[in-house]
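Here's the structure, in structure tokens; my notes come after.
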Amino acid sequence: MKLLFQMTLVAGMLLTAACSSDQNKTTTTDTSSPSPTPSESKPTYSYDQKAAGDSLKQWVDSTTLTVDLPEIDNKEGAAELYDFYKSRNFSPAWGVGTSQKLIEVISQIDREGLNSSKFPIEQLRTLVDSAQNGGASAETGARLDLLLSASYIKLADLLASGKIKPDQLSKDWHIKGRTPDSLAVQLKRAAAGQVEGSLSSLRPGFGQYAKLRQRLVQYRKLLAAGGWPSVDEGPNLAPGDSSQRVIAIRRRLAATDDLDTLSTQNQQSARYDSSLIGAVNRYQQRNGLAVQAEITDRMVQTMNISAEARLKQLMLNLDRIRWISTGPMPATYAMVNVPEYRLHVVEDGQEVKVMPVVVGKVMNATPVFQDQIEHVEFSPYWNVPNSIASAELWPQIRSSSTYLDRKHMEILDGWGTNARVVSRSSVDWSNLGSYRIRQKPGPWNALGQVKFMFPNQYAIYLHDTPSDQLFDETRRAFSHGCIRIADPAWFADWILPQLNREEVTEKMNNRQLEIVELDQKVPVYIVYLTAFEDGQGRLNFRPDLYGLDERLTSEFDR
């Protein structure tokens, strides 16, 4: 289906990558003041409101808090707290109803994959009881009000941008931490009676978020029931084999609903019969393994990952999704999930195409970021990066006078637009960094016959490839970082509504560079999800290709 650009792309819906653009993440929220109900618009506690306001004015500063709140370890919300209280002349904001509602929401944040013990729930309950029963001083009332507001800011920030902020990681993680345009606005809505509504507007609108939240419930139940049985390692098992290990495999696959039913007789069957093959294949598909009848040692190792580890994996992926979006996603976008090795195309909110991709090797990891596809290059040149040229090409060019011709390459005397093609014999071999090697357009070109450009400082883009055989591999991390897609003609046809398929094919095959601008830029997300739900509603897990789950775990558990 051709791309329909009958939508408005709101810049605030888009996420940006660390070290890419400096565009801030915004949310689509109602910034108007709501009409609170009388019971929630005015505090109903009996402490001296004016004296409490004086304490708040003394404690809240535009850059820091002068009162110690050891229960809230992140004071970065001071500016939002100051804006909020200044807008109400530092009067207390929280009433009985809103206080209790916020405490209830915080106590249930395990549903978001977060830890409620990181919040001062018991202290809040004690302070609320004291204030409600008339036993609180003005200073205690002020502390309660500020602690409620600070707790809300902390929770809102977690939902909007994640518990782990990307800038806590090493410089090779390419997503910057972001905050909504105004947490103070959301705090105002919450204190006025819209606690749940304000937080809901901060939750990611990316569809996988709600799906993985539901999976948390399932895996917590599995863990509470003892998880699943482990499977002993041993030789590969093929249909027809008999082994006591088959009994454990049956029970393991039944625990995650890969094996539909387990009769008493089947539970004790040690023979790998036809009834088990479908379950084995379902498990393999869900876990990114080669789909085959044989039960390999790799499959056994995957089955032996504990329910506790899988639960943590769900939580980590929920946190990374918070980096992708706050509030609604664009209606139309392209998304590459690196560990899945797939490109997903979403049009008007519906997934219309999924195709295999090849991503970067571990040593050439594809960066995780967001941008916008701006133009398409048909019959492109491949300008070889200096790192690849130095390590792989220059030695062969120097040793063979025919290498350039055989590889359809040429040498230019620089990287500017005015660079000229020069002969191999004129190269100054002591100054190779001043030259550029490029491969001419054609079916031999490493980029194939078309590439899709979203200019970024990592020089990452989507492109065709002459090495189609790599798409048959189960694990497809073979590139130097750029992303090769399996059906570039379809994607070009989809992304360029001004061209039909015949025109696309002609431009791909004419061996003459041609650049076509998009009528409207299309968001592209390069994400790293090792847990996700597929189009059939099945929970999938993938190996931690670049070790990011492992790196995030220690930070997440703090």
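Simple scheme: letters A, B, ... for chains in structure tokens order, numbers from 1 for residues in each chain, numbers from 1 for ligands in the order shown.
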
| field | Distance query Ala184 in chain A at most 12 Å, only C-alpha atoms, self and fewer than 5 positions along chain excluded, as a ChimeraX atom specification | value | /A:31,33,77-88,149-150,152-154,156-157,179,189-191,198

Would you mind listing what lies within 12 Å of Leu127 in chain A as a PyMOL selection string, with only C-alpha atoms counted and same-chain residues fewer than 4 positions away left out? chain A and resi 45+47+96+99-100+103+120-123+131-148

Min atom-atom distance to Arg484 in chain A from the set A:Arg286, A:Arg342, A:Arg436, A:Lys312, counting only C-alpha atoms, belongs to A:Arg342

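Once Tyr435 in chain A and its same-chain neighbours fewer than 6 positions away are set aside, A:Asn383, A:Val384, A:Pro385, A:Asn386, A:Ala389, A:Ser390, A:Trp394, A:Glu410, A:Ile411, A:Leu412, A:Asp413, A:Gly414, A:Trp415, A:Gly416, A:Ala419, A:Arg420, A:Val421, A:Val422, A:Ser423, A:Arg424, A:Ser426, A:Val427, A:Asp428, A:Trp429 remain within 12 Å of it when counting only C-alpha atoms.
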
Write the residues of the preceding selection, restricted to N, CA and C atoms, as a PDB file, in the first residue's frame.
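Result file part.pdb:
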ATOM      1  N   ASN A 383      30.423   6.033  -0.447  1.00  0.00           N
ATOM      2  CA  ASN A 383      31.623   6.717   0.010  1.00  0.00           C
ATOM      3  C   ASN A 383      32.165   5.946   1.206  1.00  0.00           C
ATOM      4  N   VAL A 384      33.272   5.278   1.014  1.00  0.00           N
ATOM      5  CA  VAL A 384      33.803   4.357   2.010  1.00  0.00           C
ATOM      6  C   VAL A 384      34.354   5.147   3.203  1.00  0.00           C
ATOM      7  N   PRO A 385      33.863   4.882   4.425  1.00  0.00           N
ATOM      8  CA  PRO A 385      34.419   5.564   5.595  1.00  0.00           C
ATOM      9  C   PRO A 385      35.919   5.312   5.724  1.00  0.00           C
ATOM     10  N   ASN A 386      36.619   6.307   6.256  1.00  0.00           N
ATOM     11  CA  ASN A 386      38.076   6.179   6.383  1.00  0.00           C
ATOM     12  C   ASN A 386      38.488   4.957   7.194  1.00  0.00           C
ATOM     13  N   ALA A 389      38.251   2.065   4.880  1.00  0.00           N
ATOM     14  CA  ALA A 389      39.261   2.203   3.827  1.00  0.00           C
ATOM     15  C   ALA A 389      40.648   1.856   4.344  1.00  0.00           C
ATOM     16  N   SER A 390      40.977   2.358   5.522  1.00  0.00           N
ATOM     17  CA  SER A 390      42.316   2.121   6.079  1.00  0.00           C
ATOM     18  C   SER A 390      42.544   0.656   6.408  1.00  0.00           C
ATOM     19  N   TRP A 394      42.699   0.201   1.330  1.00  0.00           N
ATOM     20  CA  TRP A 394      43.962   0.773   0.861  1.00  0.00           C
ATOM     21  C   TRP A 394      45.061  -0.279   0.690  1.00  0.00           C
ATOM     22  N   GLU A 410      36.631   4.164  -7.295  1.00  0.00           N
ATOM     23  CA  GLU A 410      37.490   5.243  -7.756  1.00  0.00           C
ATOM     24  C   GLU A 410      37.973   6.052  -6.565  1.00  0.00           C
ATOM     25  N   ILE A 411      39.065   6.786  -6.785  1.00  0.00           N
ATOM     26  CA  ILE A 411      39.678   7.591  -5.735  1.00  0.00           C
ATOM     27  C   ILE A 411      39.428   9.061  -6.029  1.00  0.00           C
ATOM     28  N   LEU A 412      39.028   9.823  -5.006  1.00  0.00           N
ATOM     29  CA  LEU A 412      38.840  11.261  -5.122  1.00  0.00           C
ATOM     30  C   LEU A 412      39.831  11.973  -4.213  1.00  0.00           C
ATOM     31  N   ASP A 413      40.164  13.211  -4.555  1.00  0.00           N
ATOM     32  CA  ASP A 413      41.180  13.938  -3.801  1.00  0.00           C
ATOM     33  C   ASP A 413      40.611  14.729  -2.625  1.00  0.00           C
ATOM     34  N   GLY A 414      39.509  14.306  -2.057  1.00  0.00           N
ATOM     35  CA  GLY A 414      38.932  14.958  -0.881  1.00  0.00           C
ATOM     36  C   GLY A 414      37.496  14.533  -0.676  1.00  0.00           C
ATOM     37  N   TRP A 415      36.868  15.144   0.339  1.00  0.00           N
ATOM     38  CA  TRP A 415      35.494  14.792   0.689  1.00  0.00           C
ATOM     39  C   TRP A 415      34.500  15.886   0.311  1.00  0.00           C
ATOM     40  N   GLY A 416      34.981  17.005  -0.198  1.00  0.00           N
ATOM     41  CA  GLY A 416      34.093  18.094  -0.571  1.00  0.00           C
ATOM     42  C   GLY A 416      33.364  17.834  -1.867  1.00  0.00           C
ATOM     43  N   ALA A 419      35.561  17.722  -5.038  1.00  0.00           N
ATOM     44  CA  ALA A 419      36.636  16.730  -5.126  1.00  0.00           C
ATOM     45  C   ALA A 419      36.657  16.099  -6.508  1.00  0.00           C
ATOM     46  N   ARG A 420      37.876  15.817  -6.988  1.00  0.00           N
ATOM     47  CA  ARG A 420      38.058  15.260  -8.332  1.00  0.00           C
ATOM     48  C   ARG A 420      38.546  13.819  -8.262  1.00  0.00           C
ATOM     49  N   VAL A 421      38.165  13.044  -9.273  1.00  0.00           N
ATOM     50  CA  VAL A 421      38.668  11.679  -9.398  1.00  0.00           C
ATOM     51  C   VAL A 421      40.140  11.742  -9.802  1.00  0.00           C
ATOM     52  N   VAL A 422      40.992  10.967  -9.104  1.00  0.00           N
ATOM     53  CA  VAL A 422      42.425  10.931  -9.402  1.00  0.00           C
ATOM     54  C   VAL A 422      42.845   9.491  -9.648  1.00  0.00           C
ATOM     55  N   SER A 423      43.969   9.324 -10.286  1.00  0.00           N
ATOM     56  CA  SER A 423      44.457   7.986 -10.594  1.00  0.00           C
ATOM     57  C   SER A 423      45.162   7.365  -9.397  1.00  0.00           C
ATOM     58  N   ARG A 424      45.227   6.075  -9.393  1.00  0.00           N
ATOM     59  CA  ARG A 424      45.939   5.344  -8.341  1.00  0.00           C
ATOM     60  C   ARG A 424      47.409   5.741  -8.315  1.00  0.00           C
ATOM     61  N   SER A 426      48.776   8.536  -8.807  1.00  0.00           N
ATOM     62  CA  SER A 426      49.054   9.873  -8.272  1.00  0.00           C
ATOM     63  C   SER A 426      48.850   9.969  -6.761  1.00  0.00           C
ATOM     64  N   VAL A 427      48.448   8.865  -6.121  1.00  0.00           N
ATOM     65  CA  VAL A 427      48.154   8.889  -4.684  1.00  0.00           C
ATOM     66  C   VAL A 427      49.426   9.096  -3.869  1.00  0.00           C
ATOM     67  N   ASP A 428      49.328   9.985  -2.884  1.00  0.00           N
ATOM     68  CA  ASP A 428      50.404  10.176  -1.911  1.00  0.00           C
ATOM     69  C   ASP A 428      50.159   9.169  -0.781  1.00  0.00           C
ATOM     70  N   TRP A 429      50.875   8.073  -0.788  1.00  0.00           N
ATOM     71  CA  TRP A 429      50.615   6.977   0.144  1.00  0.00           C
ATOM     72  C   TRP A 429      50.944   7.328   1.586  1.00  0.00           C
TER      73      TRP A 429
END

Counting only C-alpha atoms, closest pick from A:Val280, A:Val300, A:Thr366, A:Val185 relative to Asn236 in chain A is A:Val300

Closest atom pairs, range 474-509 of chain A residues within 9 Å of range 371-378 of chain A, only C-alpha atoms, as CSV:
residue,atom,partner,partner_atom,distance
A:Ala492,CA,A:Val376,CA,7.6
A:Ile495,CA,A:Val376,CA,8.9
A:Leu496,CA,A:Val376,CA,8.6
A:Val504,CA,A:Phe378,CA,8.4
A:Lys507,CA,A:Phe378,CA,5.8
A:Met508,CA,A:Phe378,CA,5.3
A:Asn509,CA,A:Phe378,CA,8.3

Output N, CA, C and O atoms for every residue in that selection, as a compact mmCIF listing (two decimals), in the first residue's frame.
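What ended up in selection-v3.txt:
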# COMPACT_ATOMS: atom_id res chain seq x y z
N ALA A 492 10.78 2.04 -0.81
CA ALA A 492 10.86 3.25 -1.62
C ALA A 492 9.49 3.61 -2.19
O ALA A 492 9.10 4.78 -2.23
N ILE A 495 7.38 5.03 0.75
CA ILE A 495 7.79 6.30 1.35
C ILE A 495 7.73 7.46 0.36
O ILE A 495 7.77 8.63 0.76
N LEU A 496 7.60 7.16 -0.93
CA LEU A 496 7.54 8.19 -1.97
C LEU A 496 6.22 8.09 -2.73
O LEU A 496 6.13 7.46 -3.79
N VAL A 504 10.04 3.60 -9.46
CA VAL A 504 11.03 3.23 -8.45
C VAL A 504 12.03 2.23 -9.02
O VAL A 504 13.25 2.39 -8.87
N LYS A 507 14.46 3.86 -11.51
CA LYS A 507 15.48 4.68 -10.87
C LYS A 507 16.52 3.83 -10.14
O LYS A 507 17.69 4.19 -10.06
N MET A 508 16.08 2.69 -9.61
CA MET A 508 17.02 1.81 -8.92
C MET A 508 18.00 1.16 -9.88
O MET A 508 19.11 0.79 -9.49
N ASN A 509 17.60 1.03 -11.14
CA ASN A 509 18.41 0.27 -12.10
C ASN A 509 19.13 1.12 -13.14
O ASN A 509 19.84 0.57 -13.98

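The spacing separating CA of Met453 in chain A from CA of Ser479 in chain A amounts to 16.9 Å.
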
### Message
Among range 195-367 of chain A, which ones does DSSP assign to alpha helix (DSSP H) (computed from the backbone)? Answer as an MDAnalysis selection string.
### Response
chainID A and resid 195:200 207:224 244:255 264:267 274:286 297:303 307:324

Residue with the minimum atom-to-atom distance to Ser117 in chain A, picked from A:Trp444, A:Ile72, A:Ala391, A:Thr256 with only C-alpha atoms counted, is A:Ile72

What are the nearest atom pairs, with distances in Å to one decimal, for all residues of range 328-367 of chain A that come at most 9 Å from range 525-548 of chain A, using only C-alpha atoms, set out by chain and rising residue number as a tab-separated table?
residue	atom	partner	partner_atom	distance
A:Tyr333	CA	A:Tyr525	CA	7.7
A:Ala334	CA	A:Tyr525	CA	6.3
A:Met335	CA	A:Tyr525	CA	4.5
A:Val336	CA	A:Ile526	CA	4.9
A:Asn337	CA	A:Val527	CA	5.0
A:Val338	CA	A:Tyr528	CA	5.4
A:Pro339	CA	A:Leu545	CA	6.0
A:Glu340	CA	A:Arg542	CA	6.5
A:Glu351	CA	A:Gly535	CA	8.7
A:Lys361	CA	A:Tyr546	CA	8.7
A:Val362	CA	A:Tyr546	CA	5.9
A:Met363	CA	A:Tyr546	CA	8.9
A:Ala365	CA	A:Tyr546	CA	7.1
A:Thr366	CA	A:Ile526	CA	8.4
A:Pro367	CA	A:Ile526	CA	7.4

From CA of Gln49 in chain A to CA of Asp61 in chain A the spacing works out at 19.4 Å

Residues within 8 Å of Pro441 in chain A, please, as a tab-separated table (two decimals) with N, CA, C and O atoms, in the first residue's frame. Count only C-alpha atoms; anything in the same chain fewer than 4 positions from it doesn't count.
chain	number	residue	atom	x	y	z
A	379	SER	N	20.37	4.65	-7.09
A	379	SER	CA	21.68	4.36	-7.70
A	379	SER	C	22.78	5.15	-6.99
A	379	SER	O	23.49	5.97	-7.58
A	380	PRO	N	22.96	4.91	-5.70
A	380	PRO	CA	23.88	5.74	-4.92
A	380	PRO	C	25.34	5.34	-5.13
A	380	PRO	O	25.66	4.21	-5.51
A	381	TYR	N	26.22	6.28	-4.85
A	381	TYR	CA	27.62	5.98	-4.63
A	381	TYR	C	27.77	5.48	-3.20
A	381	TYR	O	26.98	5.84	-2.31
A	382	TRP	N	28.79	4.66	-2.97
A	382	TRP	CA	29.17	4.33	-1.60
A	382	TRP	C	30.49	5.03	-1.31
A	382	TRP	O	31.53	4.68	-1.86
A	445	ASN	N	27.26	-2.41	-6.02
A	445	ASN	CA	27.49	-1.43	-4.96
A	445	ASN	C	27.11	-2.00	-3.60
A	445	ASN	O	26.09	-2.66	-3.45
A	449	GLN	N	21.02	-0.58	-4.58
A	449	GLN	CA	20.54	0.34	-5.61
A	449	GLN	C	19.72	1.51	-5.06
A	449	GLN	O	19.23	2.33	-5.82
A	511	ARG	N	21.63	3.25	-12.83
A	511	ARG	CA	23.05	3.45	-12.55
A	511	ARG	C	23.47	4.92	-12.63
A	511	ARG	O	24.62	5.24	-12.88
A	512	GLN	N	22.51	5.80	-12.41
A	512	GLN	CA	22.76	7.24	-12.40
A	512	GLN	C	22.20	7.80	-11.10
A	512	GLN	O	21.01	7.68	-10.83
A	513	LEU	N	23.07	8.37	-10.28
A	513	LEU	CA	22.63	8.90	-9.00
A	513	LEU	C	21.48	9.89	-9.18
A	513	LEU	O	21.56	10.81	-9.99
